[in-house]
Structures are given as C-alpha cells and as structure tokens.
>>> print(open('upload_5.tsv').read())   # TSV, C-alpha atoms
chain	number	residue	atom	x	y	z
L	1	MET	CA	-5.57	12.63	-2.81
L	2	TRP	CA	-4.64	9.82	-0.51
L	3	VAL	CA	-6.86	10.43	2.45
L	4	SER	CA	-10.06	11.99	1.12
L	5	LEU	CA	-11.62	8.79	-0.17
L	6	THR	CA	-15.02	7.24	0.39
L	7	ARG	CA	-16.06	3.77	-0.70
L	8	SER	CA	-18.37	3.82	-3.70
L	9	ALA	CA	-21.77	2.20	-3.66
L	10	THR	CA	-22.06	-1.16	-5.36
L	11	GLY	CA	-23.50	-0.78	-8.83
L	12	ASP	CA	-25.82	-3.23	-10.52
L	13	VAL	CA	-24.25	-5.48	-13.12
L	14	VAL	CA	-26.32	-5.48	-16.30
L	15	ARG	CA	-26.51	-8.92	-17.98
L	16	PHE	CA	-27.70	-9.43	-21.57
L	17	SER	CA	-30.65	-11.79	-21.96
L	18	ALA	CA	-29.84	-15.21	-23.34
L	19	PHE	CA	-32.09	-14.76	-26.40
L	20	LEU	CA	-29.93	-12.01	-27.97
L	21	ALA	CA	-28.53	-13.14	-31.30
L	22	CYS	CA	-24.79	-13.72	-31.44
L	23	ALA	CA	-24.54	-11.53	-34.54
L	24	ALA	CA	-26.08	-8.63	-32.67
L	25	VAL	CA	-23.89	-9.06	-29.62
L	26	ALA	CA	-20.58	-9.52	-31.41
L	27	PRO	CA	-20.13	-5.89	-32.58
L	28	LEU	CA	-20.79	-4.70	-29.02
L	29	LEU	CA	-18.14	-7.04	-27.64
L	30	MET	CA	-15.64	-5.96	-30.26
L	31	ALA	CA	-16.24	-2.30	-29.48
L	32	ALA	CA	-16.02	-2.91	-25.77
L	33	SER	CA	-12.69	-4.70	-26.09
L	34	LYS	CA	-10.91	-1.66	-27.51
L	35	PRO	CA	-8.73	-0.25	-24.70
L	36	VAL	CA	-8.80	3.36	-23.60
L	37	ARG	CA	-5.14	4.34	-23.98
L	38	LEU	CA	-3.97	7.44	-22.12
L	39	GLN	CA	-0.64	9.10	-22.68
L	40	PRO	CA	1.17	11.15	-20.01
L	41	SER	CA	0.04	14.77	-19.72
L	42	THR	CA	2.53	15.72	-16.97
L	43	PRO	CA	5.97	14.51	-15.92
L	44	TRP	CA	6.44	12.39	-12.81
L	45	VAL	CA	6.36	14.50	-9.64
L	46	LEU	CA	8.16	13.18	-6.56
L	47	ASP	CA	6.83	14.60	-3.30
L	48	TYR	CA	8.95	14.29	-0.15
L	49	ALA	CA	5.95	14.51	2.17
L	50	GLU	CA	6.30	14.80	5.94
L	51	ASN	CA	5.66	11.13	6.68
L	52	SER	CA	5.71	9.49	3.27
L	53	CYS	CA	7.03	9.57	-0.28
L	54	ARG	CA	4.62	10.20	-3.15
L	55	LEU	CA	5.14	9.71	-6.87
L	56	ILE	CA	2.41	11.27	-9.03
L	57	ARG	CA	1.69	11.64	-12.76
L	58	SER	CA	-1.35	12.60	-14.84
L	59	PHE	CA	-2.50	10.88	-18.00
L	60	GLY	CA	-5.00	12.08	-20.61
L	61	LEU	CA	-6.79	15.43	-20.77
L	62	GLY	CA	-10.26	16.77	-20.07
L	63	ASP	CA	-12.80	14.05	-19.28
L	64	THR	CA	-10.15	11.34	-19.73
L	65	LYS	CA	-7.70	12.84	-17.22
L	66	THR	CA	-6.52	10.14	-14.84
L	67	VAL	CA	-4.04	10.70	-12.03
L	68	LEU	CA	-1.77	7.85	-10.94
L	69	GLY	CA	0.05	7.99	-7.62
L	70	LEU	CA	2.25	5.76	-5.53
L	71	GLU	CA	2.76	6.37	-1.83
L	72	SER	CA	5.14	4.72	0.63
L	73	GLU	CA	4.99	5.38	4.37
L	74	SER	CA	7.82	2.96	5.09
L	75	PRO	CA	10.18	0.88	2.93
L	76	ASP	CA	8.58	-2.12	1.21
L	77	GLU	CA	5.05	-0.76	1.83
L	78	VAL	CA	3.68	0.85	-1.33
L	79	ASP	CA	0.08	1.79	-2.09
L	80	MET	CA	-1.03	2.74	-5.61
L	81	LEU	CA	-4.01	4.96	-6.39
L	82	ALA	CA	-5.61	5.98	-9.69
L	83	VAL	CA	-8.33	8.65	-9.94
L	84	GLY	CA	-10.30	9.62	-13.05
L	85	LYS	CA	-13.61	9.33	-14.92
L	86	PRO	CA	-12.37	6.49	-17.19
L	87	LEU	CA	-12.21	4.30	-14.06
L	88	GLU	CA	-15.97	4.35	-13.49
L	89	THR	CA	-17.00	0.82	-12.54
L	90	SER	CA	-19.64	-1.37	-10.91
L	91	LEU	CA	-16.95	-3.65	-9.50
L	92	LEU	CA	-15.89	-3.64	-5.87
L	93	LEU	CA	-12.46	-5.05	-6.77
L	94	VAL	CA	-10.71	-3.74	-9.87
L	95	PRO	CA	-7.85	-5.77	-11.45
L	96	ALA	CA	-4.69	-4.16	-12.80
L	97	ARG	CA	-1.41	-5.34	-14.30
L	98	LEU	CA	1.91	-3.69	-15.03
L	99	LEU	CA	2.69	-4.78	-18.57
L	100	PRO	CA	4.50	-6.61	-20.00
L	101	VAL	CA	6.04	-7.94	-16.78
L	102	GLN	CA	2.96	-8.91	-14.77
L	103	GLN	CA	0.50	-11.63	-15.77
L	104	LYS	CA	-1.36	-12.19	-12.50
L	105	PRO	CA	-3.50	-9.10	-11.83
L	106	ILE	CA	-3.55	-7.32	-8.51
L	107	LYS	CA	-6.97	-6.28	-7.22
L	108	GLY	CA	-7.73	-2.84	-5.86
L	109	SER	CA	-10.70	-1.40	-4.02
L	110	SER	CA	-13.19	0.73	-5.94
L	111	LEU	CA	-13.52	4.17	-4.33
L	112	GLN	CA	-14.67	7.70	-5.04
L	113	SER	CA	-12.70	10.87	-4.40
L	114	ALA	CA	-14.46	12.89	-1.70
L	115	ASP	CA	-13.72	16.26	-3.28
L	116	LYS	CA	-15.13	15.69	-6.80
L	117	GLY	CA	-16.76	12.29	-6.43
L	118	GLU	CA	-14.58	10.90	-9.21
L	119	PRO	CA	-14.03	7.16	-9.61
L	120	ALA	CA	-10.85	5.91	-7.97
L	121	VAL	CA	-9.08	2.61	-7.34
L	122	LEU	CA	-6.69	1.89	-4.48
L	123	TRP	CA	-4.27	-1.03	-4.62
L	124	SER	CA	-2.73	-1.63	-1.19
L	125	ARG	CA	0.71	-3.09	-0.54
L	126	VAL	CA	1.86	-3.27	-4.15
L	127	THR	CA	5.07	-5.31	-4.38
L	128	LEU	CA	6.45	-4.29	-7.80
L	129	LEU	CA	7.98	-7.73	-8.21
L	130	PRO	CA	7.66	-10.55	-10.79
L	131	ASP	CA	4.66	-12.85	-10.26
L	132	ASP	CA	6.65	-15.88	-9.13
L	133	LEU	CA	8.68	-13.92	-6.59
L	134	ALA	CA	5.63	-12.03	-5.31
L	135	GLU	CA	3.76	-15.33	-4.82
L	136	LYS	CA	6.73	-16.85	-3.01
L	137	LEU	CA	6.97	-13.93	-0.58
L	138	GLU	CA	3.20	-13.87	0.02
L	139	LYS	CA	3.20	-17.60	0.79
L	140	ARG	CA	6.02	-17.04	3.26
L	141	ALA	CA	4.10	-14.18	4.87
L	142	GLU	CA	0.97	-16.35	5.18
L	143	GLU	CA	2.97	-19.08	6.92
L	144	ARG	CA	4.29	-16.54	9.40
L	145	ARG	CA	0.84	-15.07	10.01
L	146	ALA	CA	-0.37	-18.57	10.84
L	147	LYS	CA	2.13	-18.64	13.73
L	148	PRO	CA	1.85	-15.14	15.23
L	149	GLY	CA	3.53	-16.21	18.48
L	150	VAL	CA	6.69	-17.48	16.78
L	151	ARG	CA	9.35	-15.00	15.76
L	152	PRO	CA	10.21	-15.43	12.05
L	153	PRO	CA	13.63	-16.91	11.23
L	154	PRO	CA	16.49	-14.60	10.28
L	155	LEU	CA	16.43	-13.04	6.84
L	156	ASP	CA	18.91	-14.12	4.18
L	157	LEU	CA	20.71	-10.86	3.34
L	158	ALA	CA	21.88	-12.18	-0.04
L	159	GLU	CA	18.28	-13.03	-0.91
L	160	GLU	CA	17.14	-9.59	0.26
L	161	ALA	CA	19.69	-7.98	-2.06
L	162	GLN	CA	18.41	-10.13	-4.94
L	163	ILE	CA	14.84	-9.04	-4.19
L	164	ARG	CA	15.87	-5.38	-4.36
L	165	ALA	CA	17.58	-6.03	-7.69
L	166	LYS	CA	14.51	-7.85	-9.04
L	167	HIS	CA	12.35	-4.95	-7.87
L	168	GLN	CA	14.39	-2.45	-9.90
L	169	GLU	CA	14.52	-4.76	-12.91
L	170	PHE	CA	10.74	-5.19	-12.76
L	171	ALA	CA	10.20	-1.41	-12.63
L	172	SER	CA	12.56	-0.80	-15.54
L	173	SER	CA	10.75	-3.36	-17.69
L	174	ALA	CA	7.21	-2.15	-16.89
L	175	THR	CA	5.92	0.28	-19.54
L	176	GLU	CA	2.12	0.29	-19.11
L	177	LEU	CA	-0.47	0.01	-16.36
L	178	GLU	CA	-3.55	-1.87	-17.55
L	179	ILE	CA	-6.63	-1.26	-15.37
L	180	MET	CA	-9.87	-3.22	-15.88
L	181	PRO	CA	-12.75	-1.16	-14.44
L	182	ARG	CA	-15.08	-2.89	-16.91
L	183	VAL	CA	-14.91	-6.35	-18.45
L	184	ASN	CA	-13.14	-6.25	-21.83
L	185	ARG	CA	-12.63	-2.48	-21.64
L	186	PRO	CA	-9.18	-1.83	-20.17
L	187	VAL	CA	-7.84	1.61	-19.36
L	188	VAL	CA	-4.15	1.65	-20.24
L	189	LEU	CA	-1.86	4.28	-18.76
L	190	GLU	CA	1.19	4.53	-21.02
L	191	THR	CA	3.74	5.09	-18.27
L	192	GLY	CA	6.85	4.23	-20.22
L	193	SER	CA	9.65	2.52	-18.29
L	194	LEU	CA	9.18	3.03	-14.54
L	195	GLY	CA	12.86	2.44	-13.86
L	196	HIS	CA	14.06	6.02	-13.23
L	197	ALA	CA	10.86	7.07	-11.44
L	198	ILE	CA	10.92	4.10	-9.05
L	199	LYS	CA	14.65	4.54	-8.42
L	200	ALA	CA	13.99	8.13	-7.31
L	201	PHE	CA	10.95	6.96	-5.31
L	202	ASP	CA	13.06	4.36	-3.48
L	203	LYS	CA	15.75	6.95	-2.77
L	204	CYS	CA	13.08	9.11	-1.17
L	205	GLY	CA	12.27	6.17	1.10
L	206	ARG	CA	15.90	5.85	2.18
L	207	ASP	CA	16.13	9.59	2.77
L	208	SER	CA	12.96	9.38	4.88
L	209	LEU	CA	14.60	6.80	7.13
L	210	ARG	CA	17.38	9.27	7.85
L	211	ASP	CA	14.81	11.96	8.61
L	212	TRP	CA	13.24	9.63	11.18
L	213	GLY	CA	16.65	9.02	12.79
L	214	VAL	CA	17.10	5.54	11.29
L	215	ASP	CA	20.27	4.54	9.42
L	216	PRO	CA	19.21	3.07	6.03
L	217	ASP	CA	22.58	1.33	5.57
L	218	LEU	CA	22.17	-0.35	8.95
L	219	GLU	CA	18.62	-1.35	8.03
L	220	GLU	CA	19.92	-3.39	5.11
L	221	LYS	CA	22.10	-5.39	7.54
L	222	ILE	CA	19.25	-6.33	9.88
L	223	VAL	CA	18.40	-10.04	9.75
L	224	ARG	CA	15.68	-9.99	12.43
L	225	PRO	CA	13.35	-6.97	12.29
L	226	VAL	CA	11.60	-5.54	15.34
L	227	TRP	CA	9.00	-8.05	16.53
L	228	ALA	CA	6.32	-8.63	19.15
L	229	PRO	CA	4.30	-11.87	19.56
L	230	ASP	CA	0.83	-10.35	19.99
L	231	PRO	CA	0.55	-6.55	19.77
L	232	SER	CA	-3.24	-6.77	20.12
L	233	LYS	CA	-2.82	-7.68	23.81
L	234	TRP	CA	-1.80	-4.07	24.47
L	235	PHE	CA	-5.29	-2.89	23.46
L	236	SER	CA	-8.74	-3.47	24.94
L	237	ALA	CA	-12.31	-2.23	24.40
L	238	SER	CA	-11.82	0.30	27.18
L	239	ASP	CA	-9.22	2.06	25.02
L	240	TYR	CA	-11.89	3.27	22.58
L	241	PRO	CA	-11.91	7.08	22.89
L	242	ALA	CA	-15.07	7.85	24.86
L	243	GLY	CA	-16.09	10.88	22.82
L	244	MET	CA	-15.66	9.01	19.54
L	245	GLN	CA	-17.60	6.03	20.82
L	246	PHE	CA	-20.47	8.25	21.92
L	247	ARG	CA	-20.61	9.87	18.47
L	248	GLY	CA	-20.42	6.52	16.71
L	249	GLU	CA	-17.08	7.38	15.08
L	250	GLU	CA	-14.81	4.60	13.75
L	251	SER	CA	-11.27	4.71	12.41
L	252	VAL	CA	-8.27	2.80	11.12
L	253	VAL	CA	-5.01	4.16	12.54
L	254	LYS	CA	-1.57	3.33	11.19
L	255	VAL	CA	1.46	4.29	13.27
L	256	ARG	CA	5.23	4.14	13.04
L	257	LEU	CA	7.33	3.54	16.13
L	258	LEU	CA	11.03	4.05	16.61
L	259	VAL	CA	12.33	1.20	18.75
L	260	ASP	CA	15.69	1.30	20.54
L	261	ALA	CA	18.21	-1.53	20.95
L	262	SER	CA	16.50	-2.56	24.19
L	263	GLY	CA	13.12	-3.03	22.52
L	264	ASN	CA	11.51	0.08	23.98
L	265	PRO	CA	9.56	2.51	21.77
L	266	THR	CA	11.12	5.97	21.78
L	267	LYS	CA	8.80	7.82	19.42
L	268	CYS	CA	5.37	7.24	17.88
L	269	THR	CA	4.17	8.96	14.71
L	270	SER	CA	0.63	8.61	13.39
L	271	LEU	CA	0.52	7.95	9.67
L	272	SER	CA	-3.27	8.30	9.52
L	273	HIS	CA	-5.10	11.46	8.53
L	274	PHE	CA	-8.43	10.92	10.22
L	275	LYS	CA	-10.06	14.26	10.96
L	276	GLU	CA	-10.45	13.40	14.65
L	277	ARG	CA	-7.03	13.20	16.31
L	278	ALA	CA	-8.45	11.38	19.35
L	279	PHE	CA	-7.89	8.01	17.66
L	280	ASN	CA	-4.33	8.82	16.59
L	281	ASP	CA	-3.42	10.17	20.01
L	282	ALA	CA	-4.95	7.17	21.78
L	283	VAL	CA	-3.04	4.62	19.70
L	284	CYS	CA	0.31	6.35	20.15
L	285	ALA	CA	-0.26	6.79	23.89
L	286	ILE	CA	-1.00	3.07	24.30
L	287	PHE	CA	2.00	1.93	22.28
L	288	MET	CA	4.34	4.24	24.17
L	289	LYS	CA	3.00	3.14	27.56
L	290	ARG	CA	2.47	-0.60	27.08
L	291	ALA	CA	4.53	-1.83	24.15
L	292	HIS	CA	7.80	-3.71	24.42
L	293	PHE	CA	9.47	-5.47	21.51
L	294	GLU	CA	12.17	-7.91	20.61
L	295	PRO	CA	14.63	-5.42	19.09
L	296	ALA	CA	16.13	-5.66	15.62
L	297	GLU	CA	19.26	-7.80	15.30
L	298	LEU	CA	22.27	-8.04	13.01
L	299	ALA	CA	23.67	-11.37	11.83
L	300	ASP	CA	26.07	-11.56	14.77
L	301	GLY	CA	23.25	-11.04	17.27
L	302	THR	CA	23.95	-7.37	17.92
L	303	LYS	CA	20.77	-5.54	18.87
L	304	VAL	CA	20.23	-2.24	17.01
L	305	PRO	CA	17.61	0.52	16.86
L	306	SER	CA	15.07	0.31	14.07
L	307	TYR	CA	11.38	1.01	13.40
L	308	TYR	CA	8.04	-0.79	13.52
L	309	THR	CA	4.67	-0.11	11.86
L	310	ASN	CA	1.22	-1.40	12.72
L	311	THR	CA	-2.43	-0.65	12.03
L	312	ILE	CA	-5.12	-0.56	14.70
L	313	THR	CA	-8.82	-0.69	13.76
L	314	PHE	CA	-11.53	0.93	15.87
L	315	ARG	CA	-14.92	-0.60	15.07
L	316	LEU	CA	-18.18	-0.41	17.03
L	317	GLU	CA	-20.19	-3.57	17.67
L	318	PRO	CA	-23.44	-3.63	15.63
>>> encode(input="upload_5.tsv", output="structure tokens")
Amino acid sequence: MWVSLTRSATGDVVRFSAFLACAAVAPLLMAASKPVRLQPSTPWVLDYAENSCRLIRSFGLGDTKTVLGLESESPDEVDMLAVGKPLETSLLLVPARLLPVQQKPIKGSSLQSADKGEPAVLWSRVTLLPDDLAEKLEKRAEERRAKPGVRPPPLDLAEEAQIRAKHQEFASSATELEIMPRVNRPVVLETGSLGHAIKAFDKCGRDSLRDWGVDPDLEEKIVRPVWAPDPSKWFSASDYPAGMQFRGEESVVKVRLLVDASGNPTKCTSLSHFKERAFNDAVCAIFMKRAHFEPAELADGTKVPSYYTNTITFRLEP
C-alpha cells in the first residue's frame, strides 16, 4: 500500500453563484458539516517489514472502509497514509489533525491507489508531537537547512529524552484522526488512544536498528549525528542511468547507509521500491564509492558507528 501510488488529477472546485439565497444554502452547509465518523473494523496490525515498521488498521465497512497506516524507515521519520472512498477530494493538499491534542493541521498529498484507483492521502514526516514543540523543532531544522555547510551544534540529550516523553504522551492523548478531504465535511477515524500502538511501533523501530547492526542504546547517547556538508556534490548529471534516461524514466530514491567510526559508509540499503532497480543500484554505488562523512559522536567526543539516510531525485530537464 505504500509504494503503489499515483498522484490524482486536480479536480475542479465547484463554487455556488453569489445570487443563491442564504436560506437555500444554509441547509446544504449544515448537512455538509456533519462528519463521517468511522469506527475500527480491525485491530492494529504491526508489521516488522524488511526495511521498515508498519502499523495498519481499518475503519468502517463496505464503501466506507478506510485503511490507516503509519510507516517508519528510520527512527523519527514517520509517514502516514489513509486509503478509502470517503477520502475522495478535489484538493491537492488535504489537512488532518489528531484530536484533541493537535490544533494546527498537517497537510498531506492527495493520491490514488494504483491497484483500485481509490482516493488516498499521504502525510510525510509526521512528528506526533504537540503543536508548539513541533513548530520549535521545524524552525530549528529550517535554520540548519539555511546553513548546509555548517555542522549543527551538539544535541541536548536531556531535551531529546523530553521530546521522546512528549511524543509518547501525545500519542496516548490522541483518540481521533480528523481528515478534511472536503470543506466542512471531515472524515473522523475513531482510533482510540494511540498510546499502546505507538509504543509497539517505536519498539519495532528500535528492534530494526539492531537488525541493521546499530545499537539503539548507543544511538540515544549520540550528540552529533552522522553529517556531510554537501552530499549533492557526490552526484552529477552523468550519473543518470543511461537506459532510464533514454526511456524517459524518473525516480526518487531513498537510501540508508551504515557509517563506521571513521566516517566511511560500510553498507547501503535502498528504501525505495521503484520497479526499475537501475536507479537504486546507481545511488548506492555512488554513495559507497564517493561518500565520506563526519562520523557520529558521543558527548565526550568519542566517534561511534551509526547510520545516515538521504533521498536523491532523478528528474529529466523539460
């Protein structure tokens, strides 16, 4: 369900003419404001996938069936996807909120499932944190992105522990997912408290680190993650796979690298599922041949092995 998605075509937004009487419009607005509430039709299913953790549950039955899934390919990187006919929309960006703990909506991309052509919405990099904390961390990330050649300052481990606690508290307090595919017509998935489900989901993430050969306990002691000033310099136009370029194929490739205490990559794993492996193979080959990093560090300056993720986009010039 996570990889077989195609972007939906933009629909036309129908606007009522200004001459409609308020009395005639009011009943329509009242009817439209009634939410579509969907109760769980399956329990949560936790999938220890090969390169990710997936948490999936279905809501509603028949034509209202909507599947909600969360996927994490590395700690602190969570995508959320919902698929179902109630999500039909003309919007390109669909707002959603986890209630009652989230006031500022997150916006997801409107998609269609490739298998059945059902409406779907993908929210990337969901933080599962209170609004104020999420905004604070995003502002910090923006400041760091503005200075790509400067290594970020060391993390505050006490603050990181507080963030993890806030994350779990947020999940425990969230009881509904409100999705707005149409104005004034929310689709509400009655999830109940997400506390136990997210706790198991996070444990899967820690277990995955061990499967990769990374110590999760050591990861929590790292104050300076693996870093490189400008990874794009390792790639050039000549790296575009010739066969794919000739066929007009494009791709977005996400990879995970294991990086040793010297800053050298020791293993590359593609996290993308593009049908043509040429892109995946090319990206991993380039990282393994050309990449060198500033390794992860503990508070006392000790360099330790860790991991690194990045996404490379292959696009043809128009």
>>> residues_around(input="upload_5.tsv", residues="stretch 128-137 of chain L", least_positions_apart="3", cutoff="9 Å", atoms="all atoms listed in the file", output="ChimeraX atom specification")
/L:78,98,101-104,140-142,163,166-171
>>> closest_residue(input="upload_5.tsv", among="L:Trp123, L:Trp212, L:Phe279, L:Tyr48", to="L:Tyr308", atoms="all atoms listed in the file")
L:Trp212
>>> atom_distance(input="upload_5.tsv", atom1="atom CA of L:Pro35", atom2="atom CA of L:Glu178")
9.0 Å
>>> residues_around(input="upload_5.tsv", residues="L:Asp281", least_positions_apart="3", cutoff="10 Å", atoms="all atoms listed in the file", output="list of chain:residue names")
L:Pro241, L:Val253, L:Cys268, L:Thr269, L:Ser270, L:Glu276, L:Arg277, L:Ala278, L:Cys284, L:Ala285, L:Ile286
>>> closest_residue(input="upload_5.tsv", among="L:Leu271, L:Leu122, L:Ala242, L:Val255", to="L:Ile179", atoms="all atoms listed in the file")
L:Leu122
>>> closest_residue(input="upload_5.tsv", among="L:Leu316, L:Val304, L:Leu258, L:Leu87", to="L:Phe287", atoms="only C-alpha atoms")
L:Leu258
>>> residues_around(input="upload_5.tsv", residues="L:Tyr307", least_positions_apart="6", cutoff="9 Å", atoms="only C-alpha atoms", output="list in words")
Val214, Pro225, Val226, Arg256, Leu257, Leu258, Val259, Asp260, Pro265 and Ala296 of chain L
>>> closest_residue(input="upload_5.tsv", among="L:Gly243, L:Gly205, L:Gly192, L:Pro181", to="L:Pro43", atoms="all atoms listed in the file")
L:Gly192
>>> residues_around(input="upload_5.tsv", residues="stretch 59-74 of chain L", least_positions_apart="5", cutoff="7 Å", atoms="all atoms listed in the file", output="NGL selection string")
:L and (38-41 or 51-54 or 79-86 or 189 or 205)
>>> closest_residue(input="upload_5.tsv", among="L:Ile106, L:Ala114, L:Leu298, L:Leu92", to="L:Asp217", atoms="only C-alpha atoms")
L:Leu298
>>> decode(input="upload_5.tsv", residues="stretch 233-276 of chain L", atoms="C-alpha atoms", output="CSV table (one decimal), in the first residue's frame")
chain,number,residue,atom,x,y,z
L,233,LYS,CA,28.5,17.2,-4.7
L,234,TRP,CA,28.9,13.4,-5.0
L,235,PHE,CA,26.3,13.3,-7.8
L,236,SER,CA,26.3,14.8,-11.3
L,237,ALA,CA,24.2,14.6,-14.5
L,238,SER,CA,26.4,11.9,-15.9
L,239,ASP,CA,25.2,9.6,-13.1
L,240,TYR,CA,21.7,9.3,-14.6
L,241,PRO,CA,21.3,5.7,-15.6
L,242,ALA,CA,21.7,5.7,-19.4
L,243,GLY,CA,18.9,3.2,-20.1
L,244,MET,CA,16.5,5.1,-17.8
L,245,GLN,CA,17.3,8.4,-19.4
L,246,PHE,CA,16.8,7.0,-22.9
L,247,ARG,CA,13.3,5.7,-21.8
L,248,GLY,CA,12.4,9.0,-20.1
L,249,GLU,CA,12.2,7.3,-16.7
L,250,GLU,CA,12.4,9.4,-13.5
L,251,SER,CA,12.7,8.4,-9.8
L,252,VAL,CA,13.1,9.4,-6.2
L,253,VAL,CA,15.4,7.1,-4.4
L,254,LYS,CA,15.8,7.0,-0.6
L,255,VAL,CA,18.7,5.1,0.9
L,256,ARG,CA,20.1,4.2,4.3
L,257,LEU,CA,23.8,4.0,4.9
L,258,LEU,CA,25.7,2.4,7.8
L,259,VAL,CA,28.6,4.6,8.6
L,260,ASP,CA,31.6,3.5,10.7
L,261,ALA,CA,33.5,5.5,13.3
L,262,SER,CA,35.9,6.8,10.7
L,263,GLY,CA,33.1,8.3,8.6
L,264,ASN,CA,33.2,5.7,5.8
L,265,PRO,CA,30.0,4.0,4.5
L,266,THR,CA,30.0,0.3,5.1
L,267,LYS,CA,26.6,-0.7,3.7
L,268,CYS,CA,24.0,0.9,1.5
L,269,THR,CA,20.3,-0.2,1.5
L,270,SER,CA,17.7,1.2,-0.9
L,271,LEU,CA,14.5,2.1,0.8
L,272,SER,CA,12.7,2.8,-2.5
L,273,HIS,CA,10.5,0.4,-4.3
L,274,PHE,CA,10.8,1.7,-7.9
L,275,LYS,CA,10.2,-1.1,-10.4
L,276,GLU,CA,13.5,-0.3,-12.1
